[in-house]
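Below: the structure, in structure tokens.
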Amino acid sequence: MIFLTTDSPLRKCWRLVYTSASDVSVLGANPVFTLGGIYQDARMLPTVINVIDARPKILALAPTQFAASIDTLSRQKVFTTAKARGPNRIGLAFDRVEIEPKTFFGRDLPRLPFALGIDLPKFPAEAQKQLFDVANSIFGQIAPDSFTSFDSDWTTTDEDSDSGNPAYFDVNYLDEDFLVIQQASPGGVFAAVAVDQLSPP
């Protein structure tokens, strides 16, 4: 059972080490970018930030020393708000997308005084269900007693069940160092290890 509290073992930065998810495979197969680190940063629960580092794929074709001298990296972040939907289920509402240039032609870039990003629109529940192809049965079908072990700020209400984003993941395994989750649509298993922070560029 997952406890979403201040001392939850989920409240860490997790680096992906394996996935069977087709959407991540598609990202890795694109002809433009090579994926670097992929993270799920849950250190500020209920905010969960999905992070992907990406470099131009052409750098992989260059000699190692030359590629390092022209290294160019950007970091994409998707901000979500997490809410418990069951003993092992975490719902996600997508809030914002940001991109942060980290290096350009081998030089570290200064941090911008503002974020490059957009807030994501909030769709009605029915539109979300159709968009994510998620069955109606995942909304409000868990008995209220299922939530008695959760922190009160995280308890799902009937209103939340009707209005929340249908994206979610199930926690299959969690300890201090290792996390295994199963995402909803389009499916796939994610295995991650705990790290102290996002890798520097």
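Going by the structure tokens order, chains are called A, B, ..., each with residues numbered from 1, while ligands are numbered from 1 in the order shown.
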- Item | All residues 8 Å or closer to Ala194 of chain A, only C-alpha atoms, same chain fewer than 6 positions away omitted, as a ChimeraX atom specification | /A:12-15,176-179
- Message: Report as a ChimeraX atom specification all protein, DNA and RNA residues lying within 6 Å of segment 47-49 of chain A, evaluated on only C-alpha atoms, omitting residues in the same chain fewer than 4 positions from it.
- Response: /A:40-42,78-81
- Task: Return the single residue from A:Tyr173, A:Tyr39, A:Gln76, A:Val189 that is closest to Arg55 of chain A, with distances computed using only C-alpha atoms.
- Result: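 For Arg55 of chain A, the nearest of the candidates is A:Gln76.
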- Item | Distance query Gly36 of chain A at most 12 Å, only C-alpha atoms, self and fewer than 3 positions along chain excluded, as a list in words | Arg15, Leu16, Val17, Val24, Leu27, Gly28, Phe33, Tyr39, Val51, Ile52, Asp53, Ala54, Arg55, Pro56, Lys57, Ala60, Thr72, Leu73, Ser74, Arg75, Gln76, Leu198, Ser199, Pro200 and Pro201 of chain A
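You can rank A:Tyr18, A:Phe104, A:Phe94, A:Phe169 by their closest distance to Ile181 of chain A using only C-alpha atoms, and at the top of that list sits A:Phe169.
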- Message: Residues near segment 116-119 of chain A, anyone? I mean within 8 Å using only C-alpha atoms, not counting same-chain ones fewer than 5 positions away, as a VMD selection string.
- Response: chain A and resid 95 to 100
- atom CA of Arg107 of chain A sits from atom CA of Val32 of chain A at a separation of 20.6 Å
